[in-house]
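Undergrad: Below you'll find structure.txt; it's compact mmCIF, C-alpha atoms.
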```txt
# COMPACT_ATOMS: atom_id res chain seq x y z
CA MET G 1 -67.69 -60.55 -44.03
CA ASN G 2 -70.04 -63.36 -44.98
CA ALA G 3 -73.32 -63.57 -43.00
CA ARG G 4 -72.56 -67.12 -41.87
CA HIS G 5 -69.53 -65.83 -39.91
CA LYS G 6 -71.55 -63.06 -38.24
CA ALA G 7 -74.43 -65.30 -37.17
CA LYS G 8 -74.75 -66.09 -33.49
CA ARG G 9 -77.03 -69.03 -34.25
CA THR G 10 -76.64 -72.03 -36.47
CA TYR G 11 -79.28 -72.22 -39.18
CA LEU G 12 -79.24 -75.80 -40.43
CA LEU G 13 -81.25 -75.08 -43.56
CA SER G 14 -79.65 -71.86 -44.81
CA GLY G 15 -79.06 -72.23 -48.54
CA LEU G 16 -81.18 -75.39 -48.58
CA ILE G 17 -84.65 -74.01 -48.02
CA PHE G 18 -86.60 -72.05 -50.63
CA CYS G 19 -89.58 -69.74 -50.46
CA GLY G 20 -92.82 -71.52 -51.36
CA GLU G 21 -94.19 -68.36 -52.93
CA CYS G 22 -91.41 -66.95 -55.12
CA GLY G 23 -88.77 -69.74 -55.11
CA SER G 24 -86.01 -67.52 -53.72
CA HIS G 25 -83.52 -68.80 -51.12
CA MET G 26 -84.46 -68.37 -47.48
CA SER G 27 -81.90 -67.57 -44.83
CA GLY G 28 -81.82 -67.43 -41.07
CA ASN G 29 -82.80 -64.32 -39.20
CA THR G 30 -83.01 -63.57 -35.48
CA ARG G 31 -84.73 -60.47 -34.16
CA ARG G 32 -86.35 -59.22 -31.01
CA ALA G 33 -90.07 -58.66 -31.02
CA GLY G 34 -92.90 -57.83 -28.69
CA ARG G 35 -93.12 -55.86 -25.49
CA ASN G 36 -90.51 -58.04 -23.74
CA LYS G 37 -88.16 -58.01 -26.77
CA THR G 38 -88.24 -61.79 -26.97
CA GLU G 39 -85.81 -63.27 -29.49
CA TYR G 40 -87.46 -64.88 -32.48
CA SER G 41 -85.41 -67.01 -34.90
CA SER G 42 -86.82 -67.79 -38.30
CA TYR G 43 -86.12 -68.37 -41.95
CA GLU G 44 -86.96 -65.39 -44.12
CA CYS G 45 -87.32 -65.10 -47.89
CA ASN G 46 -84.29 -63.27 -49.31
CA ARG G 47 -86.40 -61.57 -51.98
CA ARG G 48 -88.80 -60.31 -49.33
CA ARG G 49 -85.89 -58.98 -47.28
CA ARG G 50 -84.02 -57.28 -50.14
CA GLU G 51 -86.56 -56.38 -52.79
CA LYS G 52 -89.77 -56.30 -50.73
CA THR G 53 -91.52 -58.07 -53.64
CA CYS G 54 -92.47 -61.30 -51.88
CA THR G 55 -95.29 -61.49 -49.34
CA ASN G 56 -94.40 -64.87 -47.84
CA LYS G 57 -94.16 -64.89 -44.03
CA ASP G 58 -91.16 -66.05 -42.03
CA ILE G 59 -91.02 -69.69 -40.92
CA ASN G 60 -90.20 -70.52 -37.31
CA LYS G 61 -86.63 -71.88 -37.21
CA GLN G 62 -87.18 -74.48 -34.50
CA LEU G 63 -90.39 -75.78 -36.06
CA VAL G 64 -89.01 -76.26 -39.58
CA GLU G 65 -85.67 -77.71 -38.41
CA GLU G 66 -87.41 -80.23 -36.14
CA LEU G 67 -89.74 -81.16 -39.00
CA VAL G 68 -86.80 -81.78 -41.35
CA ILE G 69 -84.89 -83.81 -38.74
CA GLU G 70 -87.97 -85.95 -38.04
CA HIS G 71 -88.43 -86.52 -41.77
CA LEU G 72 -84.77 -87.54 -42.16
CA LEU G 73 -85.01 -89.94 -39.24
CA ASN G 74 -88.30 -91.49 -40.42
CA GLU G 75 -87.73 -91.50 -44.17
CA PHE G 76 -84.00 -91.47 -44.88
CA PHE G 77 -82.25 -93.20 -41.98
CA THR G 78 -84.24 -96.40 -42.31
CA GLU G 79 -82.53 -99.76 -42.44
CA ASP G 80 -83.69 -100.46 -46.00
CA ASN G 81 -82.68 -97.02 -47.32
CA ILE G 82 -79.22 -97.13 -45.80
CA ARG G 83 -78.61 -100.70 -47.01
CA ASN G 84 -79.74 -99.63 -50.50
CA LEU G 85 -77.55 -96.51 -50.45
CA SER G 86 -74.57 -98.59 -49.29
CA LYS G 87 -75.08 -100.96 -52.23
CA GLN G 88 -75.29 -98.00 -54.63
CA ILE G 89 -72.04 -96.56 -53.26
CA ILE G 90 -70.24 -99.88 -53.75
CA SER G 91 -71.71 -100.25 -57.25
CA PHE G 92 -70.57 -96.74 -58.18
CA GLN G 93 -67.11 -97.46 -56.78
CA ARG G 94 -66.82 -100.62 -58.92
CA SER G 95 -68.09 -98.95 -62.09
CA ARG G 96 -65.69 -96.03 -61.57
CA LYS G 97 -62.77 -98.46 -61.28
CA ASN G 98 -63.88 -100.20 -64.49
CA GLU G 99 -64.17 -96.88 -66.32
CA THR G 100 -60.71 -95.81 -65.19
CA GLY G 101 -59.33 -99.18 -66.31
CA ASP G 102 -60.38 -98.45 -69.87
CA GLU G 103 -59.03 -94.91 -69.65
CA LEU G 104 -55.75 -96.20 -68.20
CA SER G 105 -55.27 -98.60 -71.11
CA ALA G 106 -55.91 -95.81 -73.64
CA LEU G 107 -53.51 -93.44 -71.85
CA LYS G 108 -50.74 -96.04 -71.75
CA ALA G 109 -51.17 -96.77 -75.46
CA GLU G 110 -51.01 -93.05 -76.25
CA LEU G 111 -47.92 -92.67 -74.03
CA ALA G 112 -46.15 -95.50 -75.88
CA SER G 113 -47.00 -93.85 -79.20
CA HIS G 114 -45.54 -90.48 -78.16
CA GLU G 115 -42.42 -92.12 -76.71
CA LYS G 116 -41.93 -93.98 -80.00
CA GLU G 117 -42.23 -90.68 -81.93
CA ILE G 118 -39.55 -89.14 -79.69
CA GLN G 119 -37.29 -92.15 -80.34
CA ASN G 120 -37.85 -91.79 -84.10
CA ILE G 121 -36.83 -88.11 -83.93
CA ILE G 122 -33.70 -89.02 -81.93
CA LYS G 123 -32.75 -91.73 -84.45
CA ALA G 124 -33.20 -89.28 -87.35
CA VAL G 125 -30.97 -86.70 -85.62
CA GLU G 126 -28.33 -89.37 -84.91
CA LYS G 127 -28.28 -90.20 -88.65
CA GLY G 128 -27.68 -86.53 -89.48
CA MET G 129 -31.18 -85.81 -90.78
CA PHE G 130 -31.84 -82.90 -88.42
CA LYS G 131 -34.63 -80.56 -89.47
CA GLU G 132 -35.78 -77.45 -87.60
CA TRP G 133 -39.36 -78.77 -87.23
CA MET G 134 -38.05 -81.73 -85.21
CA VAL G 135 -37.38 -79.48 -82.20
CA ALA G 136 -41.00 -78.25 -82.07
CA ALA G 137 -42.34 -81.76 -82.69
CA GLY G 138 -40.13 -83.15 -79.93
CA ASP G 139 -41.29 -80.46 -77.51
CA THR G 140 -44.95 -81.16 -78.34
CA HIS G 141 -44.48 -84.90 -77.78
CA ASP G 142 -42.56 -84.27 -74.55
CA GLU G 143 -45.31 -82.02 -73.14
CA ARG G 144 -47.93 -84.65 -73.91
CA ILE G 145 -45.76 -87.39 -72.39
CA GLN G 146 -45.46 -85.42 -69.14
CA TYR G 147 -49.23 -84.91 -69.00
CA LEU G 148 -49.92 -88.59 -69.74
CA LYS G 149 -47.47 -89.78 -67.07
CA GLY G 150 -49.14 -87.54 -64.48
CA ARG G 151 -52.63 -88.69 -65.43
CA ILE G 152 -51.57 -92.36 -65.39
CA GLU G 153 -50.00 -91.92 -61.96
CA TYR G 154 -53.17 -90.27 -60.64
CA ILE G 155 -55.44 -93.04 -61.97
CA GLU G 156 -53.17 -95.79 -60.66
CA LYS G 157 -53.17 -94.22 -57.19
CA MET G 158 -56.94 -93.86 -57.29
CA ARG G 159 -57.37 -97.48 -58.37
CA ALA G 160 -55.02 -98.63 -55.61
CA ALA G 161 -56.99 -96.74 -52.97
CA VAL G 162 -58.79 -98.80 -50.39
CA THR G 163 -62.12 -100.10 -51.59
CA LEU G 164 -64.98 -99.76 -49.15
CA THR G 165 -67.06 -102.74 -48.21
CA GLU G 166 -70.82 -102.46 -48.09
CA GLN G 167 -70.66 -102.68 -44.28
CA GLN G 168 -68.11 -99.84 -44.10
CA ALA G 169 -70.35 -97.63 -46.26
CA TYR G 170 -73.32 -98.54 -44.08
CA ASP G 171 -71.43 -97.74 -40.87
CA TYR G 172 -70.20 -94.42 -42.26
CA ILE G 173 -73.73 -93.29 -43.14
CA MET G 174 -75.18 -94.55 -39.86
CA LYS G 175 -72.70 -92.54 -37.79
CA ASP G 176 -74.93 -89.53 -38.51
CA SER G 177 -78.24 -91.27 -37.85
CA ASP G 178 -78.59 -89.99 -34.28
CA LEU G 179 -79.50 -86.49 -35.47
CA LYS G 180 -81.41 -85.62 -32.31
CA ASN G 181 -78.31 -86.10 -30.17
CA LYS G 182 -76.01 -83.98 -32.34
CA THR G 183 -75.34 -80.31 -31.81
CA PRO G 184 -76.48 -77.99 -34.62
CA GLU G 185 -72.89 -77.08 -35.36
```
Render the structure in this file as structure tokens.
TA:
Amino acid sequence: MNARHKAKRTYLLSGLIFCGECGSHMSGNTRRAGRNKTEYSSYECNRRRREKTCTNKDINKQLVEELVIEHLLNEFFTEDNIRNLSKQIISFQRSRKNETGDELSALKAELASHEKEIQNIIKAVEKGMFKEWMVAAGDTHDERIQYLKGRIEYIEKMRAAVTLTEQQAYDYIMKDSDLKNKTPE
């Protein structure tokens, strides 16, 4: 069973925080220490835990998580940053639609070409010019036609999907801006 499922605590930075000494991942650890067996939650270097080759000390869980949350609130969730990020999302969305437009045109042209080849094979067979290679060629064209139709359908659905407005992107990002009021889970 994966350690995340065994943990009794939520470690917000597991997999995201790295040891400053050796560069290895750090993961959450809770243990009891001292005369009163007080629980102590921290982030510990995985290399130190497994290989005993790193000498970096544990980092207090609460301290580092609060520091990261404060940094996010002060540096990331600012009005200017979120407005800028919203603009970038909309710009990416537009450029992606433009790119898929070019791809869609190329796919449709290729589809028409393969369908024409199938029609040419059918006409040749109708005129009595059947050759054994025509079966394999027809199958190859048919397989490609099926792929192209699926890809075209996918792109058309994606292009028809609702386009976000800048305000919708802004609102979506801001829904997570009250980090201090959210539960760790």
Undergrad: Could you work out how far atom CA of G:Lys149 lies from atom CA of G:Ala137, giving the answer in Å with one decimal?
TA: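 One can read the atom CA of G:Ala137 to atom CA of G:Lys149 distance as 18.3 Å.
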Undergrad: Considering only C-alpha atoms, state which residue in the set G:Lys182, G:Lys127, G:Lys87, G:Arg144 is at the smallest distance from G:Thr165.
TA: G:Lys87
Undergrad: Within 12 Å of (-86.0, -62.9, -40.1), in the coordinates the file gives, what residues turn up when you count only C-alpha atoms, written out as a PyMOL selection string?
TA: chain G and resi 11+14+26-33+39-50+56-61
Undergrad: Measure the distance from atom CA of G:Thr163 to atom CA of G:Ala106 in Å and round it to one decimal.
TA: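 According to the coordinates, atom CA of G:Thr163 and atom CA of G:Ala106 are separated by 23.3 Å.
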Undergrad: Please determine, counting only C-alpha atoms, which residue among G:Glu126, G:Asp171, G:Asp178, G:Glu166 has the shortest atom-to-atom distance to G:Ile90.
TA: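 Of the candidates, the smallest distance to G:Ile90 is held by G:Glu166.
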Undergrad: Within 9 Å of (-78.1, -86.4, -46.4), in the coordinates the file gives, what residues turn up when you count all atoms listed in the file, written out as number ranges by chain?
TA: G: 72, 76, 173
Undergrad: What gap, in Å, lies between atom CA of G:Thr183 and atom CA of G:Val68?
TA: 15.0 Å
Undergrad: List the spatial neighbours of G:Leu148 as number ranges by chain - criterion: any atom at most 7 Å away, all atoms listed in the file, same-chain residues fewer than 3 positions off excluded.
TA: G: 107, 111, 144-145, 151-152
